[in-house]
>>> print(open('query_4.cif').read())   # mmCIF, C-alpha atoms
data_entry
loop_
_atom_site.label_atom_id
_atom_site.label_comp_id
_atom_site.auth_asym_id
_atom_site.auth_seq_id
_atom_site.Cartn_x
_atom_site.Cartn_y
_atom_site.Cartn_z
CA HIS A 1 -13.70 40.72 14.57
CA ASN A 2 -12.15 43.30 12.26
CA CYS A 3 -15.13 43.60 9.92
CA SER A 4 -15.63 46.58 7.64
CA LEU A 5 -18.61 48.89 7.55
CA PHE A 6 -19.06 50.30 4.04
CA ARG A 7 -20.64 53.70 3.49
CA GLY A 8 -20.21 54.76 -0.10
CA ARG A 9 -16.49 54.66 -0.89
CA ARG A 10 -15.33 54.85 2.73
CA ALA A 11 -14.66 51.75 4.79
CA VAL A 12 -14.58 52.17 8.57
CA SER A 13 -13.49 49.24 10.72
CA LEU A 14 -15.79 48.25 13.54
CA THR A 15 -12.85 48.19 15.96
CA CYS A 16 -12.23 51.87 15.27
CA VAL A 17 -15.91 52.63 15.79
CA ARG A 18 -15.91 50.80 19.12
CA ALA A 19 -12.76 52.62 20.19
CA MET A 20 -14.38 55.96 19.32
CA VAL A 21 -17.48 55.08 21.33
CA LYS A 22 -15.43 54.05 24.36
CA LYS A 23 -13.30 57.18 24.09
CA GLY A 24 -16.40 59.37 23.93
CA ASP A 25 -17.85 57.80 27.08
CA VAL A 26 -14.99 59.13 29.21
CA ARG A 27 -16.38 62.24 30.88
CA LEU A 28 -14.22 64.70 32.76
CA PRO A 29 -15.70 66.69 35.66
CA THR A 30 -17.27 69.90 34.43
CA GLY A 31 -17.28 73.10 36.45
CA GLN A 32 -15.11 74.29 39.30
CA SER A 33 -14.62 72.70 42.72
CA GLN A 34 -13.01 74.20 45.81
CA TYR A 35 -9.85 72.62 47.21
CA MET A 36 -7.62 73.30 50.19
CA VAL A 37 -3.97 72.60 49.38
CA VAL A 38 -1.29 72.52 52.07
CA GLY A 39 2.39 72.55 51.14
CA ARG A 40 5.84 73.79 52.10
CA TYR A 41 9.52 73.92 51.20
CA VAL A 42 11.27 70.55 51.73
CA PRO A 43 13.69 70.77 54.69
CA ASN A 44 17.33 70.07 53.90
CA ALA A 45 20.80 70.59 55.40
CA LYS A 46 20.69 74.33 54.76
CA TYR A 47 17.06 74.98 55.80
CA THR A 48 15.80 72.88 58.71
CA ALA A 49 12.15 72.23 59.51
CA ASP A 50 12.16 75.06 62.07
CA SER A 51 13.43 77.72 59.66
CA ALA A 52 11.19 80.38 58.12
CA GLN A 53 11.89 79.00 54.64
CA CYS A 54 10.07 75.75 55.51
CA LYS A 55 6.93 77.46 56.75
CA VAL A 56 3.71 75.58 55.91
CA TYR A 57 1.30 77.37 53.56
CA ARG A 58 -2.41 76.67 53.22
CA MET A 59 -4.26 77.85 50.13
CA LYS A 60 -7.89 77.66 49.00
CA LEU A 61 -8.20 77.22 45.26
CA PHE A 62 -10.87 76.68 42.61
CA ALA A 63 -10.04 74.01 40.05
CA LYS A 64 -11.67 71.27 37.98
CA ASN A 65 -9.86 68.45 39.77
CA LYS A 66 -7.04 67.74 42.22
CA VAL A 67 -4.37 67.70 39.52
CA VAL A 68 -5.23 71.23 38.43
CA ALA A 69 -5.45 72.33 42.08
CA ARG A 70 -1.90 71.13 42.73
CA SER A 71 -0.68 72.90 39.60
CA ARG A 72 -2.34 76.18 40.63
CA PHE A 73 -0.84 75.83 44.10
CA TRP A 74 2.69 75.74 42.68
CA TYR A 75 1.85 78.60 40.34
CA PHE A 76 0.92 80.89 43.24
CA MET A 77 3.68 79.59 45.51
CA GLY A 78 6.29 80.49 42.90
CA ARG A 79 4.96 84.04 42.89
CA LEU A 80 4.55 84.41 46.65
CA CYS A 81 7.64 82.89 48.23
CA ARG A 82 9.83 81.50 45.43
CA VAL A 83 9.07 77.87 46.22
CA LYS A 84 8.62 75.60 43.22
CA LYS A 85 7.63 71.99 42.66
CA ALA A 86 11.25 70.79 42.47
CA ASN A 87 12.14 71.92 46.01
CA GLY A 88 8.70 71.76 47.64
CA GLN A 89 6.18 69.18 48.77
CA ILE A 90 2.41 69.05 49.02
CA ILE A 91 1.21 67.79 52.39
CA SER A 92 -2.50 67.40 51.65
CA VAL A 93 -5.18 68.18 49.05
CA ASN A 94 -8.78 68.18 50.30
CA GLN A 95 -11.99 69.13 48.54
CA MET A 96 -14.21 71.58 50.39
CA TYR A 97 -18.02 71.53 50.43
CA ASP A 98 -20.68 74.03 51.46
CA LYS A 99 -22.33 73.59 54.84
CA ASN A 100 -25.81 74.57 53.61
CA PRO A 101 -26.06 73.72 49.89
CA GLU A 102 -29.87 73.93 49.92
CA VAL A 103 -30.09 77.63 50.92
CA VAL A 104 -29.72 80.39 48.36
CA LYS A 105 -26.98 82.90 49.22
CA ASN A 106 -25.33 86.06 47.89
CA PHE A 107 -21.64 85.81 46.95
CA GLY A 108 -19.14 88.56 46.23
CA PHE A 109 -15.94 88.03 44.24
CA TRP A 110 -12.83 90.18 44.16
CA PHE A 111 -10.65 89.02 41.28
CA ARG A 112 -8.02 90.04 38.75
CA TYR A 113 -8.09 89.14 35.08
CA GLU A 114 -6.00 89.76 32.00
CA SER A 115 -7.69 91.12 28.91
CA ARG A 116 -6.27 91.88 25.49
CA THR A 117 -5.30 95.38 26.66
CA GLY A 118 -3.97 94.80 30.17
CA THR A 119 -4.58 93.55 33.72
CA HIS A 120 -7.71 94.70 35.55
CA ASN A 121 -9.13 94.39 39.06
CA ALA A 122 -12.86 93.69 39.26
CA TYR A 123 -15.69 92.92 41.67
CA LYS A 124 -18.86 90.96 40.88
CA GLU A 125 -21.82 89.57 42.78
CA PHE A 126 -23.81 86.43 42.10
CA ARG A 127 -26.73 84.69 43.74
CA ALA A 128 -26.44 80.92 44.04
CA MET A 129 -26.87 78.03 46.44
CA LYS A 130 -23.21 76.96 46.52
CA LEU A 131 -19.95 78.83 46.23
CA THR A 132 -18.76 76.59 43.41
CA ASP A 133 -21.95 77.35 41.45
CA ALA A 134 -21.26 81.06 41.85
CA VAL A 135 -17.67 80.53 40.63
CA ASN A 136 -18.97 78.78 37.53
CA MET A 137 -21.32 81.72 36.95
CA LEU A 138 -18.36 84.08 37.30
CA TYR A 139 -16.32 82.24 34.67
CA GLN A 140 -19.28 82.10 32.29
CA ASP A 141 -20.05 85.79 32.80
CA MET A 142 -16.44 86.85 32.22
CA ALA A 143 -16.20 84.67 29.12
CA GLY A 144 -19.36 86.20 27.65
CA ARG A 145 -18.92 89.86 28.61
CA SER A 146 -15.14 90.32 28.61
CA ARG A 147 -13.88 87.34 26.56
CA ALA A 148 -11.65 86.43 29.48
CA LYS A 149 -10.34 82.87 29.58
CA ALA A 150 -10.46 80.80 32.74
CA ASN A 151 -6.68 80.64 33.11
CA ALA A 152 -6.51 84.45 32.88
CA ILE A 153 -8.73 84.94 35.96
CA GLN A 154 -7.26 84.98 39.48
CA ILE A 155 -9.83 85.00 42.29
CA LEU A 156 -8.38 87.02 45.17
CA LYS A 157 -11.22 86.89 47.68
CA THR A 158 -14.70 85.45 48.08
CA ALA A 159 -17.33 86.37 50.64
CA GLU A 160 -20.88 85.41 51.52
CA LEU A 161 -22.82 88.68 51.65
CA GLU A 162 -25.90 89.75 53.54
CA ALA A 163 -28.71 91.54 51.75
CA LYS A 164 -27.63 94.98 53.04
CA GLU A 165 -24.04 94.41 51.86
CA CYS A 166 -24.94 93.78 48.21
CA LYS A 167 -24.26 96.51 45.64
CA ARG A 168 -25.32 95.17 42.27
CA PRO A 169 -28.96 95.71 41.14
CA ILE A 170 -29.08 92.29 39.47
CA VAL A 171 -28.70 90.72 42.93
CA LYS A 172 -30.62 93.30 44.98
CA GLN A 173 -33.78 92.83 42.91
CA PHE A 174 -34.34 89.44 44.56
CA HIS A 175 -34.25 90.83 48.12
CA SER A 176 -37.81 92.17 48.09
CA SER A 177 -40.26 90.33 50.35
CA LYS A 178 -43.07 90.99 47.83
CA ILE A 179 -41.28 89.54 44.82
CA LYS A 180 -43.52 87.64 42.42
CA PHE A 181 -42.76 85.39 39.47
CA PRO A 182 -45.45 85.20 36.75
CA LEU A 183 -46.40 81.82 35.34
CA PRO A 184 -47.60 82.63 31.80
CA HIS A 185 -47.42 79.11 30.39
CA ARG A 186 -48.32 76.18 32.61
CA VAL A 187 -48.69 72.60 31.46
CA ILE A 188 -50.87 70.59 33.80
CA LYS A 189 -49.64 67.07 34.33
CA THR A 190 -52.27 64.53 33.33
CA PRO A 191 -52.71 61.43 35.51
CA LYS A 192 -51.50 58.24 33.93
CA GLU A 193 -54.94 56.64 33.71
CA PHE A 194 -56.26 59.57 31.62
CA LYS A 195 -53.30 59.85 29.22
CA THR A 196 -54.05 59.14 25.58
CA THR A 197 -52.22 59.66 22.31
CA PHE A 198 -54.98 61.83 20.79
CA LYS A 199 -57.29 64.33 22.47
CA ALA A 200 -60.66 65.54 21.25
CA SER A 201 -60.08 69.01 22.65
CA ARG A 202 -56.91 71.09 22.73
CA PRO A 203 -55.51 71.57 26.24
CA ASN A 204 -55.48 75.06 27.70
CA THR A 205 -52.10 76.16 29.09
CA TYR A 206 -52.90 79.85 29.79
CA PHE A 207 -54.80 80.77 32.93
#
>>> encode(input="query_4.cif", output="structure tokens")
Amino acid sequence: HNCSLFRGRRAVSLTCVRAMVKKGDVRLPTGQSQYMVVGRYVPNAKYTADSAQCKVYRMKLFAKNKVVARSRFWYFMGRLCRVKKANGQIISVNQMYDKNPEVVKNFGFWFRYESRTGTHNAYKEFRAMKLTDAVNMLYQDMAGRSRAKANAIQILKTAELEAKECKRPIVKQFHSSKIKFPLPHRVIKTPKEFKTTFKASRPNTYF
């Protein structure tokens, strides 16, 4: 039914509204994931499979999805060994996951980024449960502090650090065995049988 929905002088068709709702429901994956991409130069009459030109390369990348991971792979391959998408092939693309995603860890990042003045090398540390969470924190931190876009950041190396290897105070402050977190405002959960819309006395949330 192509009915019209009138609001003042504007008429919006219901089919357009439904199309907008369906289009808005499509959600792309947010955040970065880690992928392992394996590729090489395609063997031909000039370069056989045993030649050095057709050597297989394996690369670990951070991307939103597999399509972006493949694109980043060709971007770095073109810079490393002059192999492009037209004369190369991707053997496999696999997503990588953390072995212990329920344990908090310290991560160090060595990366290069381009600012409005030039190219800079940098090192940062983050504390997270997964490597991909730490990468998301890195992108957010660089966007807020340095106004660096995601496509301008190249992560060179990542490492899981021990407590004695950390350098940044924002990470080292959590390594104390006597660390305490104050709870200034606590809301006690009321059992369902005692819940009411109105209370005679105001609840106390400070202890």
>>> atom_distance(input="query_4.cif", atom1="atom CA of Leu80 of chain A", atom2="atom CA of Arg112 of chain A")
15.9 Å
>>> atom_distance(input="query_4.cif", atom1="atom CA of Ala143 of chain A", atom2="atom CA of Asn106 of chain A")
20.9 Å
>>> residues_around(input="query_4.cif", residues="Met142 of chain A", least_positions_apart="5", cutoff="12 Å", atoms="all atoms listed in the file", output="list in words")
Phe111, Arg112, Tyr113, Glu114, Ser115, Ala122, Tyr123, Lys124, Val135, Asn136, Met137, Arg147, Ala148, Lys149, Ala150, Asn151, Ala152, Ile153 and Gln154 of chain A
>>> closest_residue(input="query_4.cif", among="A:Thr48, A:Ala163, A:Thr190, A:Ser92", to="Ser177 of chain A", atoms="only C-alpha atoms")
A:Ala163
>>> resolve_selection(input="query_4.cif", expression="the PyMOL selection byres ((chain A and resi 105) around 9)", output="PyMOL selection string")
chain A and resi 103-104+106-107+126-131+160-162
>>> closest_residue(input="query_4.cif", among="A:Cys166, A:Val68, A:Ile188, A:Leu138", to="Tyr206 of chain A", atoms="only C-alpha atoms")
A:Ile188
>>> atom_distance(input="query_4.cif", atom1="atom CA of Gly39 of chain A", atom2="atom CA of Gly88 of chain A")
7.3 Å
>>> resolve_selection(input="query_4.cif", expression="the PyMOL selection byres ((chain A and resi 96) around 6)", output="list in words")
Gln34, Tyr35, Gln95 and Tyr97 of chain A
>>> resolve_selection(input="query_4.cif", expression="the PyMOL selection byres ((chain A and resi 156) around 6)", output="ChimeraX atom specification")
/A:110-111,155,157
>>> closest_residue(input="query_4.cif", among="A:Phe198, A:Met36, A:Ile91, A:Ser176", to="Arg72 of chain A", atoms="all atoms listed in the file")
A:Met36
>>> closest_residue(input="query_4.cif", among="A:Thr119, A:Asn204, A:Gln89, A:Ser51", to="Val38 of chain A", atoms="only C-alpha atoms")
A:Gln89
>>> closest_residue(input="query_4.cif", among="A:Tyr41, A:Phe181, A:Phe62, A:Tyr47", to="Asp133 of chain A", atoms="all atoms listed in the file")
A:Phe62
>>> axis_aligned_box(input="query_4.cif", around="segment 169-180 of chain A", padding_each_side="3 Å", output="lines of an AutoDock Vina configuration file")
center_x = -36.1
center_y = 91.7
center_z = 44.9
size_x = 20.8
size_y = 14.1
size_z = 16.9
>>> residues_around(input="query_4.cif", residues="Ile170 of chain A", least_positions_apart="3", cutoff="9 Å", atoms="all atoms listed in the file", output="ChimeraX atom specification")
/A:125-126,167,173-174
>>> closest_residue(input="query_4.cif", among="A:Thr205, A:Pro43, A:Pro101, A:Arg116", to="Arg186 of chain A", atoms="all atoms listed in the file")
A:Thr205
